[in-house]
>>> print(open('structure-v3.txt').read())   # compact mmCIF, C-alpha atoms
# COMPACT_ATOMS: atom_id res chain seq x y z
CA MET I 16 131.18 -9.10 157.41
CA PRO I 17 127.72 -7.55 157.83
CA GLY I 18 126.51 -7.95 161.41
CA LEU I 19 129.99 -8.07 162.93
CA GLY I 20 129.45 -4.69 164.61
CA THR I 21 126.40 -5.97 166.46
CA ILE I 22 128.19 -9.16 167.49
CA VAL I 23 131.04 -7.10 168.95
CA ASN I 24 128.51 -4.83 170.66
CA ILE I 25 126.78 -7.80 172.30
CA ALA I 26 130.14 -9.12 173.53
CA ALA I 27 131.06 -5.68 174.88
CA VAL I 28 127.85 -5.46 176.91
CA LEU I 29 128.41 -8.95 178.35
CA VAL I 30 132.06 -8.32 179.22
CA GLY I 31 131.39 -4.88 180.65
CA GLY I 32 128.41 -6.18 182.59
CA GLY I 33 130.49 -9.07 183.95
CA VAL I 34 133.12 -6.64 185.22
CA GLY I 35 130.35 -4.61 186.83
CA LEU I 36 129.01 -7.67 188.66
CA LEU I 37 132.46 -8.29 190.11
CA LEU I 38 132.59 -4.69 191.30
CA LYS I 39 129.12 -5.02 192.82
CA LYS I 40 130.34 -7.81 195.12
CA ILE I 41 133.07 -5.64 196.64
CA MET I 42 131.21 -2.34 196.92
CA ALA I 43 128.97 -1.29 199.78
CA VAL I 44 125.35 -0.36 199.01
CA ARG I 45 125.96 3.31 199.79
CA PHE I 46 128.55 3.42 196.99
CA THR I 47 126.26 1.81 194.42
CA ASP I 48 123.36 4.15 195.31
CA THR I 49 125.52 7.22 194.85
CA ILE I 50 127.05 5.92 191.62
CA LEU I 51 123.56 5.23 190.24
CA GLN I 52 122.54 8.79 191.06
CA GLY I 53 125.65 10.07 189.33
CA MET I 54 124.87 7.96 186.27
CA GLY I 55 121.33 9.35 186.23
CA LEU I 56 122.72 12.88 186.14
CA ALA I 57 125.20 11.92 183.42
CA VAL I 58 122.46 10.37 181.27
CA ILE I 59 120.35 13.54 181.61
CA ILE I 60 123.30 15.72 180.59
CA ILE I 61 124.05 13.47 177.60
CA GLY I 62 120.42 13.68 176.52
CA VAL I 63 120.25 17.46 176.98
CA CYS I 64 123.52 18.02 175.11
CA GLY I 65 122.35 15.80 172.26
CA THR I 66 119.02 17.63 172.14
CA VAL I 67 120.65 21.07 172.07
CA GLY I 68 123.24 19.96 169.51
CA ALA I 69 120.61 18.56 167.15
CA THR I 70 118.18 21.46 167.60
CA PHE I 71 120.26 24.63 167.44
CA ILE I 72 122.44 25.83 164.58
CA VAL I 73 124.38 29.06 164.20
CA ILE I 74 123.02 31.42 161.54
CA ASP I 75 124.45 34.92 161.06
CA GLY I 76 126.09 34.80 164.47
CA GLY I 77 122.89 33.78 166.28
CA LEU I 78 121.21 30.55 167.31
CA ASP I 79 118.29 29.20 165.31
CA ALA I 80 116.12 26.29 166.42
CA ARG I 81 115.17 23.58 163.95
CA PHE I 82 113.20 20.34 163.90
CA THR I 83 111.20 21.24 167.02
CA LEU I 84 107.86 20.63 165.30
CA VAL I 85 109.11 17.30 163.92
CA MET I 86 110.29 16.34 167.42
CA VAL I 87 106.90 17.16 168.98
CA LEU I 88 104.98 15.30 166.28
CA SER I 89 107.39 12.35 166.46
CA LEU I 90 106.93 12.00 170.21
CA ALA I 91 103.15 12.25 169.87
CA ALA I 92 102.94 9.71 167.04
CA GLY I 93 105.50 7.46 168.70
CA ALA I 94 103.56 7.53 171.96
CA LEU I 95 100.37 6.48 170.17
CA ALA I 96 102.12 3.58 168.45
CA GLY I 97 104.06 2.56 171.55
CA GLU I 98 101.01 2.62 173.80
CA ALA I 99 99.02 0.61 171.25
CA VAL I 100 101.66 -2.13 171.36
CA ASN I 101 102.52 -1.40 175.03
CA ILE I 102 106.25 -1.86 174.51
CA GLU I 103 107.10 -0.87 178.09
CA ALA I 104 104.89 -3.59 179.58
CA ARG I 105 106.35 -6.18 177.22
CA LEU I 106 109.88 -5.18 178.21
CA GLU I 107 108.94 -5.47 181.88
CA ALA I 108 107.34 -8.87 181.28
CA LEU I 109 110.47 -10.05 179.48
CA GLY I 110 112.61 -8.76 182.35
CA ARG I 111 110.48 -10.59 184.93
CA PHE I 112 110.59 -13.77 182.85
CA CYS I 113 114.39 -13.64 182.64
CA GLU I 114 114.55 -12.89 186.36
CA LYS I 115 112.52 -15.98 187.24
CA LYS I 116 114.56 -18.18 184.92
CA PHE I 117 118.07 -16.96 185.58
CA SER I 118 118.26 -14.91 188.77
CA LYS I 119 119.17 -16.77 191.93
CA ASN I 120 117.36 -14.18 194.01
CA ASN I 121 113.91 -13.62 192.55
CA SER I 122 113.25 -10.91 195.12
CA ASN I 123 115.94 -8.79 193.47
CA SER I 124 113.80 -5.90 192.25
CA THR I 125 116.69 -4.33 190.35
CA PHE I 126 116.81 -7.09 187.74
CA ALA I 127 114.02 -5.71 185.56
CA GLN I 128 115.20 -2.16 186.19
CA GLY I 129 118.70 -3.01 185.01
CA PHE I 130 117.44 -4.86 181.97
CA ILE I 131 115.05 -2.11 180.83
CA THR I 132 117.33 0.83 181.63
CA ALA I 133 120.37 -0.68 179.93
CA SER I 134 118.32 -1.85 176.92
CA LEU I 135 116.94 1.63 176.36
CA VAL I 136 120.27 3.40 176.84
CA PHE I 137 122.06 1.04 174.44
CA CYS I 138 119.34 1.12 171.76
CA VAL I 139 117.93 4.67 171.83
CA GLY I 140 120.95 6.58 170.52
CA ALA I 141 121.50 7.47 166.88
CA MET I 142 124.74 5.43 166.82
CA ALA I 143 122.69 2.24 167.12
CA VAL I 144 120.58 3.09 164.08
CA VAL I 145 123.19 4.68 161.82
CA GLY I 146 125.89 2.19 162.84
CA SER I 147 123.65 -0.80 162.12
CA ILE I 148 122.74 0.56 158.70
CA GLU I 149 126.37 1.25 157.83
CA ASP I 150 127.22 -2.27 158.99
CA GLY I 151 124.49 -3.80 156.85
CA VAL I 152 124.96 -1.76 153.68
CA ASN I 153 128.74 -1.38 153.57
CA ALA I 154 129.85 -4.12 155.99
CA ASN I 155 131.53 -1.30 157.95
CA GLY I 156 131.23 -1.80 161.69
CA GLN I 157 133.39 1.16 162.76
CA ILE I 158 130.50 3.13 164.28
CA LEU I 159 129.28 0.11 166.21
CA PHE I 160 132.83 -0.69 167.34
CA ALA I 161 133.07 2.79 168.86
CA LYS I 162 129.60 2.34 170.39
CA SER I 163 130.72 -1.01 171.82
CA ALA I 164 133.54 0.63 173.76
CA ILE I 165 131.12 3.15 175.25
CA ASP I 166 128.53 0.47 176.02
CA ALA I 167 131.12 -1.74 177.74
CA VAL I 168 131.99 1.01 180.22
CA THR I 169 128.33 1.91 180.71
CA ALA I 170 127.37 -1.75 181.22
CA ALA I 171 130.07 -2.13 183.88
CA ILE I 172 128.75 0.86 185.82
CA PHE I 173 125.10 -0.15 185.40
CA ALA I 174 125.76 -3.77 186.42
CA SER I 175 127.67 -2.65 189.49
CA THR I 176 124.55 -0.82 190.67
CA MET I 177 121.58 -2.67 189.12
CA GLY I 178 122.89 -6.22 188.86
CA ILE I 179 122.71 -9.06 186.37
CA GLY I 180 119.69 -7.72 184.50
CA VAL I 181 122.06 -5.39 182.65
CA LEU I 182 123.75 -8.36 180.96
CA PHE I 183 120.43 -9.46 179.48
CA SER I 184 120.19 -6.15 177.66
CA ALA I 185 122.64 -7.77 175.22
CA VAL I 186 119.59 -9.64 173.88
CA SER I 187 117.83 -6.33 173.20
CA VAL I 188 120.93 -4.96 171.49
CA GLY I 189 121.21 -8.06 169.30
CA LEU I 190 117.56 -8.04 168.26
CA TYR I 191 117.30 -4.27 167.72
CA GLN I 192 120.56 -3.69 165.87
CA GLY I 193 120.40 -7.03 164.10
CA LEU I 194 116.97 -6.27 162.67
CA ILE I 195 118.07 -2.82 161.49
CA THR I 196 121.16 -4.37 159.89
CA LEU I 197 119.02 -6.89 158.02
CA LEU I 198 116.65 -4.15 156.83
CA SER I 199 119.41 -1.64 156.14
CA ALA I 200 119.24 -1.95 152.35
CA TYR I 201 115.63 -0.74 152.48
CA ILE I 202 116.15 1.96 155.16
CA ALA I 203 119.38 3.57 153.96
CA PRO I 204 117.92 5.51 150.97
CA TYR I 205 115.63 7.42 153.35
CA LEU I 206 118.28 8.54 155.83
CA ASP I 207 119.76 11.81 154.62
CA ASP I 208 121.54 14.18 157.02
CA GLY I 209 118.31 15.95 157.94
CA VAL I 210 116.46 12.76 158.81
CA ILE I 211 119.41 11.49 160.87
CA ALA I 212 119.52 14.79 162.78
CA GLN I 213 115.78 14.53 163.49
CA MET I 214 116.16 10.95 164.72
CA SER I 215 119.12 12.00 166.87
CA LEU I 216 117.07 14.84 168.38
CA THR I 217 114.19 12.54 169.30
CA GLY I 218 116.57 9.90 170.65
CA SER I 219 118.36 12.49 172.79
CA VAL I 220 115.05 13.56 174.34
CA LEU I 221 114.37 9.94 175.26
CA ILE I 222 117.88 9.57 176.74
CA ALA I 223 117.19 12.55 179.01
CA ALA I 224 113.90 10.92 180.02
CA ILE I 225 115.78 7.75 181.01
CA GLY I 226 117.96 9.88 183.30
CA PHE I 227 114.90 11.37 184.99
CA ASN I 228 113.57 7.85 185.57
CA MET I 229 116.91 6.74 187.05
CA LEU I 230 116.79 9.62 189.55
CA LYS I 231 113.14 8.77 190.30
CA MET I 232 112.15 12.29 189.37
CA ALA I 233 109.50 10.92 187.00
CA LYS I 234 108.05 7.70 185.69
CA ILE I 235 108.19 8.17 181.94
CA LYS I 236 107.28 5.20 179.76
CA VAL I 237 110.35 5.55 177.56
CA GLY I 238 109.77 2.11 176.06
CA ASN I 239 106.41 3.23 174.72
CA LEU I 240 108.09 6.26 173.15
CA LEU I 241 110.66 4.21 171.21
CA PRO I 242 108.72 4.30 167.89
CA ALA I 243 109.16 8.09 167.93
CA ILE I 244 112.78 7.64 166.80
CA PHE I 245 111.62 6.28 163.43
CA VAL I 246 108.76 8.71 162.82
CA PRO I 247 111.07 11.21 161.00
CA VAL I 248 111.65 8.51 158.37
CA LEU I 249 107.88 8.29 157.85
CA PHE I 250 107.67 12.08 157.55
CA PHE I 251 110.40 11.95 154.93
CA LEU I 252 108.47 9.33 152.96
CA VAL I 253 105.29 11.41 153.12
CA ARG I 254 107.14 14.48 151.82
CA LEU I 255 108.70 12.35 149.09
CA ILE I 256 105.35 10.88 147.99
CA PHE I 257 103.43 14.16 148.01
CA ASN I 258 106.41 16.26 146.87
CA PHE I 259 106.34 18.99 149.54
>>> encode(input="structure-v3.txt", output="structure tokens")
Amino acid sequence: MPGLGTIVNIAAVLVGGGVGLLLKKIMAVRFTDTILQGMGLAVIIIGVCGTVGATFIVIDGGLDARFTLVMVLSLAAGALAGEAVNIEARLEALGRFCEKKFSKNNSNSTFAQGFITASLVFCVGAMAVVGSIEDGVNANGQILFAKSAIDAVTAAIFASTMGIGVLFSAVSVGLYQGLITLLSAYIAPYLDDGVIAQMSLTGSVLIAAIGFNMLKMAKIKVGNLLPAIFVPVLFFLVRLIFNF
């Protein structure tokens, strides 16, 4: 059934987040702070590894970089589009709205942080895009099922440190992946291996940026950079139209 992968993914985030909330009640603050720092480091490493893996290929026994220009242009164009819409501010507003409506402690400043961080981590990766398309076109949710297992563990750790806001990232996952699944028939023809690698590269850069934000080493508006992931598809269309 098309869409089943996203439904399972939403359930995984909720279950994993629920387990994390139970852990949060029995852990001292010093444990959660250290775990959050560890997760920040892990997210950076995941992003860096994904970036290196998508960028470098072995040619004649040496390393050759690829897609770097596309990555730079994608981030620049994505930033322009994201800032125009101000995605980051809208995510923060949605997080604050949910906090006021559903959080018992409205002074809990980690609610919005948990919502935004988890939403970005769960949606930025290539698995979310490719898995949703595969689910929509072929009714094959295997990629999203694997992603769900990863997201469940991540949600548990995030919720144990950042609280209930992480559970509300399930809404972001549902909207993001659900929309891609619905549009998959139109998107799929433009996602060859090269385009997917370019999207993965850009997404990995954003994942690393999330890690830097978690460690408070920077304040990068990752939300406003989200459109960059889809810019390689536009580049592909331009090349297709003008035949170059």
>>> residues_around(input="structure-v3.txt", residues="Ala224 (chain I)", least_positions_apart="2", cutoff="9 Å", atoms="all atoms listed in the file", output="NGL selection string")
:I and (58-59 or 62 or 219-222 or 226-229 or 233-237)
>>> atom_distance(input="structure-v3.txt", atom1="CA of Cys113 (chain I)", atom2="CA of Ala133 (chain I)")
14.5 Å
>>> atom_distance(input="structure-v3.txt", atom1="CA of Leu88 (chain I)", atom2="CA of Leu255 (chain I)")
17.8 Å
>>> closest_residue(input="structure-v3.txt", among="I:Ala174, I:Ala127, I:Ala94, I:Ile25", to="Ala108 (chain I)", atoms="only C-alpha atoms")
I:Ala127
>>> residues_around(input="structure-v3.txt", residues="Val67 (chain I)", least_positions_apart="3", cutoff="12 Å", atoms="all atoms listed in the file", output="list of chain:residue names")
I:Ile60, I:Ile61, I:Gly62, I:Val63, I:Cys64, I:Thr70, I:Phe71, I:Ile72, I:Val73, I:Leu78, I:Asp79, I:Ala80, I:Arg81, I:Phe82, I:Thr83, I:Ala212, I:Gln213, I:Ser215, I:Leu216, I:Thr217, I:Gly218, I:Ser219, I:Val220, I:Ala223
>>> residues_around(input="structure-v3.txt", residues="region 42-51 of chain I", least_positions_apart="4", cutoff="7 Å", atoms="only C-alpha atoms", output="NGL selection string")
:I and (38 or 55 or 175-176)
>>> residues_around(input="structure-v3.txt", residues="region 35-37 of chain I", least_positions_apart="2", cutoff="7 Å", atoms="only C-alpha atoms", output="PDB file with C-alpha atoms, keeping the file's coordinate frame")
ATOM      1  CA  GLY I  31     131.390  -4.880 180.650  1.00  0.00           C
ATOM      2  CA  GLY I  32     128.410  -6.180 182.590  1.00  0.00           C
ATOM      3  CA  GLY I  33     130.490  -9.070 183.950  1.00  0.00           C
ATOM      4  CA  LYS I  39     129.120  -5.020 192.820  1.00  0.00           C
ATOM      5  CA  LYS I  40     130.340  -7.810 195.120  1.00  0.00           C
ATOM      6  CA  ALA I 170     127.370  -1.750 181.220  1.00  0.00           C
ATOM      7  CA  ALA I 171     130.070  -2.130 183.880  1.00  0.00           C
ATOM      8  CA  ILE I 172     128.750   0.860 185.820  1.00  0.00           C
ATOM      9  CA  ALA I 174     125.760  -3.770 186.420  1.00  0.00           C
ATOM     10  CA  SER I 175     127.670  -2.650 189.490  1.00  0.00           C
ATOM     11  CA  GLY I 178     122.890  -6.220 188.860  1.00  0.00           C
ATOM     12  CA  ILE I 179     122.710  -9.060 186.370  1.00  0.00           C
TER      13      ILE I 179
END
>>> axis_aligned_box(input="structure-v3.txt", around="region 239-245 of chain I", padding_each_side="3 Å", output="lines of an AutoDock Vina configuration file")
center_x = 109.6
center_y = 5.7
center_z = 169.1
size_x = 12.4
size_y = 10.9
size_z = 17.3
>>> atom_distance(input="structure-v3.txt", atom1="CA of Asp208 (chain I)", atom2="CA of Ser187 (chain I)")
26.4 Å
>>> closest_residue(input="structure-v3.txt", among="I:Val23, I:Val34, I:Val85, I:Met232", to="Ser147 (chain I)", atoms="all atoms listed in the file")
I:Val23
>>> residues_around(input="structure-v3.txt", residues="Ala161 (chain I)", least_positions_apart="5", cutoff="9 Å", atoms="only C-alpha atoms", output="ChimeraX atom specification")
/I:142,156,166
>>> write_last_selection(input="structure-v3.txt", atoms="C-alpha atoms", output="PDB file, in the frame of the given file")
ATOM      1  CA  MET I 142     124.740   5.430 166.820  1.00  0.00           C
ATOM      2  CA  GLY I 156     131.230  -1.800 161.690  1.00  0.00           C
ATOM      3  CA  ASP I 166     128.530   0.470 176.020  1.00  0.00           C
TER       4      ASP I 166
END
